[in-house]
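**Student:** The file below is start-v9.cif, mmCIF, C-alpha atoms and all ligand atoms:
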```
data_final
loop_
_atom_site.label_atom_id
_atom_site.label_comp_id
_atom_site.auth_asym_id
_atom_site.auth_seq_id
_atom_site.Cartn_x
_atom_site.Cartn_y
_atom_site.Cartn_z
CA MET A 463 60.82 104.60 122.94
CA ASP A 464 63.54 106.58 124.68
CA ARG A 465 67.14 105.61 125.15
CA ALA A 466 66.74 104.44 128.77
CA GLN A 467 63.85 102.14 127.80
CA LEU A 468 65.73 100.74 124.82
CA THR A 469 68.81 100.13 126.96
CA GLU A 470 66.73 98.30 129.54
CA LEU A 471 65.04 96.23 126.84
CA ALA A 472 68.39 95.21 125.34
CA ALA A 473 69.77 94.46 128.83
CA GLU A 474 66.76 92.28 129.67
CA LEU A 475 67.34 90.29 126.48
CA VAL A 476 71.05 89.82 127.31
CA ARG A 477 70.08 88.61 130.81
CA ILE A 478 68.22 85.66 129.26
CA PRO A 479 71.01 83.24 128.23
CA SER A 480 70.24 81.80 124.80
CA VAL A 481 73.40 80.08 123.64
CA ASN A 482 72.60 77.99 120.56
CA PRO A 483 72.41 74.33 121.71
CA LEU A 484 73.36 73.11 118.20
CA GLU A 485 71.89 69.59 118.06
CA GLY A 486 71.98 69.20 121.85
CA PRO A 487 69.02 69.06 124.25
CA VAL A 488 67.09 72.21 125.10
CA GLY A 489 65.97 72.78 128.67
CA ASP A 490 62.23 73.33 128.86
CA GLY A 491 61.38 77.00 128.53
CA ARG A 492 64.99 78.12 128.49
CA GLY A 493 67.35 79.54 125.92
CA GLU A 494 65.75 80.68 122.69
CA ALA A 495 62.33 79.70 124.06
CA ALA A 496 62.71 82.04 127.03
CA VAL A 497 63.74 84.89 124.74
CA ALA A 498 60.79 84.13 122.44
CA ARG A 499 58.32 84.23 125.34
CA PHE A 500 59.81 87.49 126.57
CA VAL A 501 59.57 89.06 123.10
CA GLU A 502 56.01 87.78 122.69
CA SER A 503 54.81 89.09 126.06
CA ARG A 504 56.37 92.53 125.57
CA LEU A 505 54.95 92.94 122.10
CA ARG A 506 51.49 91.72 123.16
CA GLU A 507 51.43 94.23 126.02
CA ALA A 508 52.03 96.89 123.38
CA GLY A 509 49.08 95.60 121.33
CA VAL A 510 51.10 93.78 118.68
CA GLU A 511 49.69 90.55 117.21
CA CYS A 512 52.14 87.67 117.85
CA GLU A 513 52.46 83.96 117.28
CA LEU A 514 55.12 81.42 118.15
CA LYS A 515 56.30 79.06 115.40
CA GLU A 516 57.81 75.93 116.82
CA THR A 517 58.59 73.19 114.34
CA GLN A 518 61.83 72.47 116.15
CA GLU A 519 60.93 71.30 119.63
CA GLY A 520 61.71 73.73 122.42
CA ARG A 521 63.12 76.33 120.03
CA PRO A 522 60.30 78.60 118.90
CA SER A 523 60.63 81.72 116.78
CA VAL A 524 58.29 84.70 117.13
CA VAL A 525 56.30 86.16 114.24
CA ALA A 526 54.79 89.56 115.10
CA ARG A 527 52.62 91.76 112.86
CA VAL A 528 51.27 95.27 112.73
CA ARG A 529 48.70 95.60 109.95
CA GLY A 530 49.29 98.27 107.37
CA GLU A 531 47.21 100.26 104.89
CA SER A 532 48.10 97.93 102.02
CA ASP A 533 48.21 94.14 101.72
CA GLU A 534 51.90 94.26 101.05
CA ALA A 535 54.39 93.53 103.83
CA VAL A 536 57.88 94.50 104.88
CA TRP A 537 59.86 92.08 107.01
CA PHE A 538 62.25 92.91 109.87
CA ASP A 539 64.26 90.03 111.33
CA ALA A 540 66.70 89.56 114.20
CA HIS A 541 67.84 86.33 115.84
CA THR A 542 67.35 85.16 119.41
CA ASP A 543 70.31 82.78 119.80
CA THR A 544 73.96 83.58 120.59
CA VAL A 545 77.26 81.77 120.25
CA SER A 546 78.85 80.17 123.32
CA ALA A 547 79.66 82.38 126.31
CA GLU A 548 82.71 80.39 127.34
CA GLY A 549 85.94 82.29 127.79
CA MET A 550 84.33 85.72 128.02
CA GLU A 551 86.20 88.44 129.86
CA PHE A 552 83.26 89.29 132.15
CA GLU A 553 80.06 87.75 133.46
CA PRO A 554 78.32 87.18 130.10
CA PHE A 555 74.71 87.57 131.21
CA ALA A 556 75.01 90.39 133.79
CA ALA A 557 74.27 93.00 131.10
CA ARG A 558 76.43 95.64 132.75
CA VAL A 559 75.93 99.17 131.44
CA ASP A 560 78.87 101.55 131.61
CA GLU A 561 78.41 105.01 130.11
CA ASP A 562 77.61 104.42 126.44
CA GLU A 563 78.12 100.66 126.32
CA LEU A 564 76.15 97.54 127.23
CA TYR A 565 78.36 94.50 127.87
CA GLY A 566 77.39 90.85 127.50
CA ARG A 567 77.08 87.82 125.25
CA GLY A 568 74.61 88.73 122.55
CA ALA A 569 74.69 92.48 123.31
CA ALA A 570 75.70 93.27 119.73
CA ASP A 571 74.91 89.93 118.08
CA ASP A 572 71.99 90.07 118.06
CA LYS A 573 70.03 91.43 120.98
CA GLY A 574 70.80 95.07 120.19
CA SER A 575 69.12 94.71 116.80
CA LEU A 576 66.25 92.74 118.33
CA ALA A 577 65.64 95.39 121.03
CA ALA A 578 65.79 98.22 118.48
CA MET A 579 63.30 96.44 116.18
CA MET A 580 60.95 95.67 119.09
CA GLY A 581 61.12 99.28 120.31
CA ALA A 582 60.41 100.59 116.82
CA LEU A 583 57.51 98.18 116.28
CA MET A 584 55.91 99.14 119.61
CA GLU A 585 56.03 102.80 118.60
CA VAL A 586 54.46 101.98 115.25
CA ALA A 587 51.74 99.89 116.95
CA LYS A 588 50.69 102.71 119.25
CA GLY A 589 50.72 105.35 116.51
CA GLU A 590 47.42 106.83 115.35
CA SER A 591 47.95 106.10 111.67
CA ARG A 592 48.62 102.67 110.27
CA PRO A 593 51.93 102.00 108.55
CA GLU A 594 52.02 102.08 104.77
CA ALA A 595 52.50 98.28 104.50
CA THR A 596 52.06 95.50 107.05
CA VAL A 597 55.14 95.24 109.25
CA ILE A 598 56.35 91.76 110.15
CA LEU A 599 58.95 91.26 112.86
CA THR A 600 60.52 87.84 113.30
CA ALA A 601 62.69 86.91 116.26
CA SER A 602 64.25 83.74 114.84
CA ALA A 603 65.94 80.82 116.55
CA ASP A 604 69.06 78.96 115.39
CA GLU A 605 70.70 81.63 113.23
CA GLU A 606 74.18 80.80 114.52
CA TYR A 607 74.00 77.16 113.49
CA ARG A 608 71.60 76.09 110.73
CA MET A 609 69.16 79.02 110.45
CA ARG A 610 66.29 76.62 111.01
CA GLY A 611 64.06 79.27 112.64
CA LEU A 612 63.98 81.54 109.62
CA LEU A 613 63.90 78.65 107.14
CA GLU A 614 60.82 77.24 108.85
CA ILE A 615 59.08 80.60 108.58
CA LEU A 616 60.01 80.84 104.90
CA ASP A 617 58.79 77.25 104.38
CA SER A 618 55.44 78.23 105.88
CA GLY A 619 55.06 80.54 102.88
CA MET A 620 55.61 83.94 104.47
CA ARG A 621 56.79 86.52 101.94
CA ALA A 622 57.31 90.28 101.87
CA ARG A 623 58.13 93.06 99.45
CA ALA A 624 61.42 93.81 101.19
CA ALA A 625 63.37 92.84 104.30
CA VAL A 626 65.81 94.35 106.76
CA VAL A 627 67.97 91.91 108.70
CA GLY A 628 69.31 93.22 112.00
CA GLU A 629 72.93 92.24 112.61
CA PRO A 630 75.79 94.34 114.03
CA THR A 631 76.97 96.44 111.08
CA GLY A 632 77.82 99.66 112.94
CA LEU A 633 74.79 101.12 111.09
CA GLU A 634 76.45 100.60 107.74
CA VAL A 635 74.03 99.38 105.07
CA ILE A 636 75.20 95.96 103.93
CA ILE A 637 74.13 95.24 100.35
CA ALA A 638 76.41 92.27 99.68
CA HIS A 639 77.80 89.39 101.68
CA LYS A 640 79.32 86.03 100.99
CA GLY A 641 77.49 82.75 101.23
CA VAL A 642 78.84 79.53 102.68
CA ALA A 643 78.90 75.81 101.86
CA ARG A 644 80.12 73.30 104.46
CA PHE A 645 81.16 69.85 103.40
CA LYS A 646 83.39 66.98 104.50
CA VAL A 647 86.23 65.16 102.84
CA ALA A 648 86.97 61.61 103.97
CA THR A 649 89.88 59.35 103.13
CA LYS A 650 89.56 55.59 103.44
CA GLY A 651 92.36 53.10 103.99
CA THR A 652 92.77 49.65 105.49
CA SER A 653 93.36 49.08 109.18
CA ALA A 654 96.21 46.88 110.43
CA HIS A 655 98.19 46.34 113.61
CA SER A 656 100.66 49.17 114.03
CA SER A 657 103.48 46.67 114.48
CA ARG A 658 102.93 45.70 110.80
CA PRO A 659 102.00 48.99 109.14
CA GLU A 660 102.91 47.58 105.73
CA ASP A 661 99.79 45.38 105.96
CA GLY A 662 97.50 48.41 106.07
CA VAL A 663 96.80 51.62 104.20
CA ASN A 664 97.02 54.70 106.41
CA ALA A 665 94.06 57.06 105.88
CA ILE A 666 95.74 59.83 107.94
CA TYR A 667 98.81 59.88 105.70
CA HIS A 668 96.57 60.18 102.68
CA MET A 669 94.65 63.01 104.34
CA GLY A 670 97.99 64.75 104.93
CA ARG A 671 98.57 64.82 101.17
CA LEU A 672 95.04 66.10 100.57
CA LEU A 673 95.50 68.83 103.17
CA ALA A 674 98.68 70.09 101.54
CA ALA A 675 96.85 70.17 98.21
CA LEU A 676 93.87 72.02 99.71
CA GLU A 677 96.13 74.61 101.31
CA ALA A 678 97.70 75.30 97.92
CA TYR A 679 94.25 75.40 96.29
CA ALA A 680 92.93 77.93 98.80
CA LYS A 681 95.88 80.27 98.63
CA GLY A 682 94.89 83.68 97.28
CA GLY A 683 91.19 82.84 97.16
CA VAL A 684 89.14 80.42 95.08
CA GLY A 685 86.39 80.33 92.48
CA ARG A 686 85.09 83.25 90.47
CA ASP A 687 86.67 86.63 89.82
CA ALA A 688 86.74 89.00 92.79
CA HIS A 689 83.49 90.80 93.70
CA PRO A 690 83.97 94.59 94.06
CA LEU A 691 82.78 94.63 97.70
CA LEU A 692 83.70 91.10 98.77
CA GLY A 693 86.88 90.05 97.03
CA LYS A 694 87.31 86.35 96.21
CA GLY A 695 85.71 83.23 97.61
CA THR A 696 87.70 81.32 100.22
CA LEU A 697 88.23 77.79 101.49
CA SER A 698 89.26 76.82 105.02
CA VAL A 699 89.66 73.46 106.77
CA GLY A 700 88.39 73.76 110.34
CA VAL A 701 88.14 70.28 111.89
CA ILE A 702 90.00 67.00 111.49
CA ARG A 703 89.06 63.58 112.88
CA GLY A 704 90.92 60.36 112.36
CA GLY A 705 92.26 57.27 114.08
CA GLU A 706 91.10 55.44 117.19
CA TYR A 707 94.18 53.96 118.84
CA VAL A 708 97.87 54.66 118.43
CA ASN A 709 98.53 50.98 117.79
CA VAL A 710 96.11 50.70 114.87
CA VAL A 711 96.75 51.91 111.31
CA PRO A 712 93.72 54.18 110.75
CA ASP A 713 91.25 53.25 108.02
CA ARG A 714 89.40 56.55 108.00
CA CYS A 715 90.15 60.26 108.37
CA GLU A 716 87.73 63.12 107.87
CA ILE A 717 87.90 66.91 107.65
CA ASP A 718 85.24 69.64 107.77
CA VAL A 719 85.64 72.24 105.07
CA ASP A 720 84.16 75.75 104.98
CA ARG A 721 83.89 77.25 101.51
CA ARG A 722 82.79 80.92 101.36
CA LEU A 723 80.86 81.59 98.18
CA LEU A 724 80.42 84.77 96.21
CA PRO A 725 76.79 85.81 95.63
CA GLY A 726 75.31 83.72 92.83
CA GLU A 727 78.00 81.05 93.10
CA GLU A 728 76.36 77.61 93.33
CA ALA A 729 77.44 75.46 96.27
CA ARG A 730 77.27 72.26 94.22
CA VAL A 731 79.49 73.71 91.52
CA ALA A 732 82.02 74.94 94.10
CA VAL A 733 82.18 71.53 95.81
CA ASN A 734 82.52 69.74 92.45
CA ALA A 735 85.45 71.99 91.58
CA VAL A 736 87.20 70.85 94.77
CA ARG A 737 86.48 67.21 93.88
CA THR A 738 87.94 67.63 90.40
CA TYR A 739 90.99 69.45 91.73
CA LEU A 740 91.73 66.83 94.37
CA SER A 741 91.43 63.94 91.95
CA SER A 742 94.07 65.47 89.70
CA ALA A 743 96.31 67.01 92.38
CA VAL A 744 96.72 64.01 94.68
CA GLU A 745 98.10 60.70 93.53
CA GLY A 746 97.67 57.43 95.29
CA GLY A 747 94.41 55.95 93.99
CA MET A 748 93.09 55.76 97.53
CA GLY A 749 89.49 56.21 98.51
CA THR A 750 88.61 59.87 98.78
CA GLU A 751 85.03 60.89 99.33
CA LEU A 752 83.41 64.34 99.38
CA ILE A 753 80.30 64.41 101.56
CA GLY A 754 77.76 67.19 101.36
CA PRO A 755 77.45 70.14 101.33
CA ASP A 756 75.25 69.69 104.42
CA LEU A 757 74.87 73.42 105.04
CA VAL A 758 74.46 76.07 102.39
CA VAL A 759 73.72 79.74 102.95
CA PRO A 760 73.40 81.80 99.80
CA GLY A 761 75.26 85.07 99.41
CA LEU A 762 73.61 88.48 99.21
CA ASP A 763 73.89 91.03 96.42
CA VAL A 764 71.41 93.89 96.02
CA ARG A 765 71.93 96.69 93.54
CA ALA A 766 72.88 100.02 95.06
CA ASP A 767 70.06 101.70 93.10
CA HIS A 768 67.39 99.25 94.32
CA GLU A 769 64.37 100.96 95.92
CA LEU A 770 65.03 99.20 99.25
CA VAL A 771 68.68 100.30 99.37
CA GLN A 772 67.66 103.85 98.54
CA ALA A 773 65.01 103.90 101.28
CA VAL A 774 67.29 102.40 103.91
CA SER A 775 70.17 104.74 103.04
CA ALA A 776 67.87 107.75 103.23
CA ALA A 777 66.57 106.70 106.66
CA VAL A 778 70.10 106.06 107.97
CA LYS A 779 71.29 109.39 106.64
CA GLU A 780 68.40 111.28 108.24
CA VAL A 781 69.27 109.82 111.62
CA THR A 782 73.08 109.63 111.58
CA GLY A 783 74.10 112.10 108.86
CA ARG A 784 75.91 109.40 106.88
CA ALA A 785 74.98 106.18 105.12
CA PRO A 786 77.87 104.13 103.79
CA LEU A 787 76.96 101.13 101.62
CA SER A 788 79.27 98.19 102.10
CA GLY A 789 79.79 94.44 101.96
CA MET A 790 80.77 91.92 104.62
CA THR A 791 82.24 88.46 104.65
CA GLY A 792 79.90 86.72 107.12
CA ALA A 793 76.68 85.08 105.93
CA THR A 794 73.32 86.19 107.33
CA HIS A 795 69.59 85.56 107.02
CA ALA A 796 69.54 88.17 104.24
CA GLY A 797 71.02 85.61 101.82
CA GLN A 798 68.17 83.18 102.61
CA LEU A 799 65.53 85.90 102.17
CA MET A 800 67.07 86.99 98.88
CA LYS A 801 67.07 83.39 97.64
CA ALA A 802 63.35 83.23 98.47
CA GLY A 803 62.80 86.27 96.25
CA ILE A 804 62.72 88.93 98.95
CA PRO A 805 65.19 91.80 98.46
CA ALA A 806 67.05 92.28 101.74
CA VAL A 807 69.74 94.41 103.34
CA VAL A 808 71.57 94.00 106.64
CA LEU A 809 71.66 96.88 109.11
CA GLY A 810 72.01 97.04 112.86
CA PRO A 811 73.67 98.58 115.91
CA GLY A 812 77.00 97.38 117.28
CA ALA A 813 80.32 97.11 115.50
CA THR A 814 80.70 94.19 113.10
CA GLY A 815 83.90 93.17 114.87
CA GLN A 816 81.99 92.71 118.17
CA ALA A 817 80.14 89.57 117.12
CA HIS A 818 81.37 86.39 118.86
CA THR A 819 84.17 88.20 120.79
CA ALA A 820 85.25 87.67 124.40
CA ALA A 821 84.37 91.27 125.31
CA GLU A 822 81.16 91.77 123.32
CA GLU A 823 79.64 95.22 123.74
CA LEU A 824 76.90 97.34 122.23
CA ASP A 825 77.17 101.06 121.59
CA LEU A 826 74.01 102.57 123.10
CA ASN A 827 74.08 105.60 120.80
CA GLU A 828 73.84 103.20 117.87
CA LEU A 829 71.06 101.29 119.63
CA GLU A 830 69.00 104.47 119.90
CA GLN A 831 69.77 105.48 116.31
CA ALA A 832 68.92 102.00 115.00
CA ALA A 833 65.48 102.13 116.65
CA ALA A 834 64.81 105.52 115.02
CA ILE A 835 65.92 104.20 111.60
CA TYR A 836 63.83 101.02 111.87
CA GLU A 837 60.79 103.05 112.95
CA ARG A 838 61.03 105.30 109.90
CA LEU A 839 61.35 102.29 107.61
CA MET A 840 58.44 100.48 109.27
CA ARG A 841 56.19 103.52 108.88
CA SER A 842 57.12 104.09 105.24
CA GLY A 843 57.04 100.43 104.19
CA CYS A 844 60.73 100.68 103.25
CA ARG A 845 59.96 103.16 100.49
ZN ZN B 1 74.18 87.48 114.30
#
```
For this file, produce the structure as structure tokens.

**Tutor:**
Amino acid sequence: MDRAQLTELAAELVRIPSVNPLEGPVGDGRGEAAVARFVESRLREAGVECELKETQEGRPSVVARVRGESDEAVWFDAHTDTVSAEGMEFEPFAARVDEDELYGRGAADDKGSLAAMMGALMEVAKGESRPEATVILTASADEEYRMRGLLEILDSGMRARAAVVGEPTGLEVIIAHKGVARFKVATKGTSAHSSRPEDGVNAIYHMGRLLAALEAYAKGGVGRDAHPLLGKGTLSVGVIRGGEYVNVVPDRCEIDVDRRLLPGEEARVAVNAVRTYLSSAVEGGMGTELIGPDLVVPGLDVRADHELVQAVSAAVKEVTGRAPLSGMTGATHAGQLMKAGIPAVVLGPGATGQAHTAAEELDLNELEQAAAIYERLMRSGCR
């Protein structure tokens, strides 16, 4: 598929708004569903076998397959959803192309990767010889929130020998990334009329003490020794809720905590360490409760000498002349695949720093190169 066709394919994907609705309602046939139908119809036209998996209503993922010579499979994955388009510096779904860039929400994260994988798979499907192993392409819903699209596909039992996850990495080969555990901390007090605060116990004041302790705990990183590519784990408090009326002493306050894990670090152990720390660091004998974690994404760590890393590096080098191996902080589907026993790396067009920004853009040279790299890997079965 040539550069003009790939650019048009990526632009068409950007023109279909697919902001992740979180837990909110999904309009019929819109959002991720509209992207899924588009992906399905394009791939079918090219003779690729496709099915929609929809265990979450209105939010299907696509599973596409090109049969290979062997029974083994290699798995390529990109996601269909985007983060919010509010506050962007230009019309987010116009998909404007200017010289070597495509602008829009999702251009880099993740529709560039999705377009490059689709283009590569269509080339493989029309080739005269079958690929070495069966090639699976998933266009998954809900990556930006709870990764339910990919998790549902994994739950259905799908497995592969190796996987490549498309995310904007500037064509660097990502062999390690952090995981994440999200949990809540709640303080409980006793409500009273604010004209007699001494009759109550103020849950917000107690949370203030906990927050100061957590800030000290998080300083300089937390948990295990630093990883060579990722540094230390981190902890950040992102949301606070507490109190109903100014004239009532609040009986509850709650925070949302984001703990970034090193690969192999157990979420439960990390959360327990916070619990232990808080119980010794903060006095007051007041009710403190840790809730969760309600979201856990495992980290990724693949050896540099692993067959998959070697194959991906070789393909990247053939196309771009260089193939740096690196790590990144953000969590991806690769951590979930790895946890399910499937070695995975992350590789895709678009600069890492472009994801979720107000001026998201995709470098079209990288788009074209990514499609060439994916095609080589699909044909060789990532060997
Ligand atoms: Zn992404």

**Student:** If we count all atoms listed in the file and set the cut-off at 10 Å, which residues sit around range 488-502 of chain A, ignoring sequence neighbours fewer than 2 positions away in its own chain? Please answer as a ChimeraX atom specification.

**Tutor:** /A:471,474-486,504-508,510-516,519-526,541-544,573,576-577,580,600-604

**Student:** Do a neighbour search on range 528-531 of chain A at 12 Å with all atoms listed in the file, toss out local chain neighbours closer than 4 positions, and write the hits as an mmCIF file with C-alpha atoms, in the coordinates of the input.

**Tutor:**
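Everything below was put into out00.cif:
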```
data_model
loop_
_atom_site.group_PDB
_atom_site.id
_atom_site.type_symbol
_atom_site.label_atom_id
_atom_site.label_comp_id
_atom_site.auth_asym_id
_atom_site.auth_seq_id
_atom_site.Cartn_x
_atom_site.Cartn_y
_atom_site.Cartn_z
ATOM 1 C CA LEU A 505 54.950 92.940 122.100
ATOM 2 C CA ARG A 506 51.490 91.720 123.160
ATOM 3 C CA ALA A 508 52.030 96.890 123.380
ATOM 4 C CA GLY A 509 49.080 95.600 121.330
ATOM 5 C CA VAL A 510 51.100 93.780 118.680
ATOM 6 C CA GLU A 511 49.690 90.550 117.210
ATOM 7 C CA CYS A 512 52.140 87.670 117.850
ATOM 8 C CA ALA A 535 54.390 93.530 103.830
ATOM 9 C CA VAL A 536 57.880 94.500 104.880
ATOM 10 C CA TRP A 537 59.860 92.080 107.010
ATOM 11 C CA PHE A 538 62.250 92.910 109.870
ATOM 12 C CA MET A 580 60.950 95.670 119.090
ATOM 13 C CA ALA A 582 60.410 100.590 116.820
ATOM 14 C CA LEU A 583 57.510 98.180 116.280
ATOM 15 C CA MET A 584 55.910 99.140 119.610
ATOM 16 C CA GLU A 585 56.030 102.800 118.600
ATOM 17 C CA VAL A 586 54.460 101.980 115.250
ATOM 18 C CA ALA A 587 51.740 99.890 116.950
ATOM 19 C CA LYS A 588 50.690 102.710 119.250
ATOM 20 C CA GLY A 589 50.720 105.350 116.510
ATOM 21 C CA GLU A 590 47.420 106.830 115.350
ATOM 22 C CA SER A 591 47.950 106.100 111.670
ATOM 23 C CA ARG A 592 48.620 102.670 110.270
ATOM 24 C CA PRO A 593 51.930 102.000 108.550
ATOM 25 C CA GLU A 594 52.020 102.080 104.770
ATOM 26 C CA ALA A 595 52.500 98.280 104.500
ATOM 27 C CA THR A 596 52.060 95.500 107.050
ATOM 28 C CA VAL A 597 55.140 95.240 109.250
ATOM 29 C CA ILE A 598 56.350 91.760 110.150
ATOM 30 C CA LEU A 599 58.950 91.260 112.860
ATOM 31 C CA THR A 600 60.520 87.840 113.300
ATOM 32 C CA MET A 840 58.440 100.480 109.270
ATOM 33 C CA ARG A 841 56.190 103.520 108.880
ATOM 34 C CA SER A 842 57.120 104.090 105.240
ATOM 35 C CA GLY A 843 57.040 100.430 104.190
#
```

**Student:** Please list as a ChimeraX atom specification every residue within 10 Å of Gly632 in chain A, counting only C-alpha atoms and excluding residues in the same chain fewer than 4 positions away.

**Tutor:** /A:570,809-816,824-825,828-829,832

**Student:** Hey, which residues sit close to ligand ZN 1 (chain B)? Say within 8 Å, counting all atoms listed in the file, and write them as a VMD selection string.

**Tutor:** chain A and resid 540 to 541 544 571 to 572 605 to 606 628 to 630 794 817

**Student:** Which value, in Å to one decimal, gives the distance between CA of Ser656 in chain A and CA of Ile702 in chain A?

**Tutor:**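 About the pair CA of Ser656 in chain A and CA of Ile702 in chain A: they are 20.9 Å apart.
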
**Student:** What does the structure give for the distance between CA of Pro659 in chain A and CA of Glu677 in chain A, in Å to one decimal?

**Tutor:**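 Computing it gives 27.4 Å between the two atoms.
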
**Student:** What is the CA of Ala643 in chain A-CA of Gly670 in chain A distance in Å, reported with one decimal?

**Tutor:**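 Taking CA of Ala643 in chain A and CA of Gly670 in chain A, their separation equals 22.3 Å.
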
**Student:** Name all residues at most 7 Å from Arg567 in chain A (count all atoms listed in the file; drop same-chain ones fewer than 2 positions away) and give them as a list in words.

**Tutor:**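 Using all atoms listed in the file, the neighbours found are Val476, Ala547, Pro554, Phe555, Ala569 and Glu822 of chain A.
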
**Student:** Reconstruct N, CA and C atoms of range 816-827 of chain A; output as a compact mmCIF listing (two decimals), in the coordinates of the input.

**Tutor:**
```
# COMPACT_ATOMS: atom_id res chain seq x y z
N GLN A 816 82.37 93.10 116.80
CA GLN A 816 81.99 92.71 118.17
C GLN A 816 81.38 91.31 118.23
N ALA A 817 80.84 90.85 117.11
CA ALA A 817 80.14 89.57 117.12
C ALA A 817 81.10 88.46 117.54
N HIS A 818 80.65 87.61 118.45
CA HIS A 818 81.37 86.39 118.86
C HIS A 818 82.66 86.69 119.64
N THR A 819 82.91 87.91 120.10
CA THR A 819 84.17 88.20 120.79
C THR A 819 84.05 87.96 122.30
N ALA A 820 85.20 87.93 122.96
CA ALA A 820 85.25 87.67 124.40
C ALA A 820 84.86 88.90 125.22
N ALA A 821 84.75 90.05 124.58
CA ALA A 821 84.37 91.27 125.31
C ALA A 821 83.26 91.98 124.54
N GLU A 822 82.22 91.22 124.19
CA GLU A 822 81.16 91.77 123.32
C GLU A 822 80.46 92.95 123.98
N GLU A 823 80.32 94.02 123.22
CA GLU A 823 79.64 95.22 123.74
C GLU A 823 78.77 95.83 122.67
N LEU A 824 77.81 96.65 123.14
CA LEU A 824 76.90 97.34 122.23
C LEU A 824 76.97 98.83 122.51
N ASP A 825 77.15 99.61 121.46
CA ASP A 825 77.17 101.06 121.59
C ASP A 825 75.72 101.56 121.71
N LEU A 826 75.40 102.20 122.83
CA LEU A 826 74.01 102.57 123.10
C LEU A 826 73.54 103.75 122.25
N ASN A 827 74.48 104.56 121.75
CA ASN A 827 74.08 105.60 120.80
C ASN A 827 73.55 104.95 119.52
```
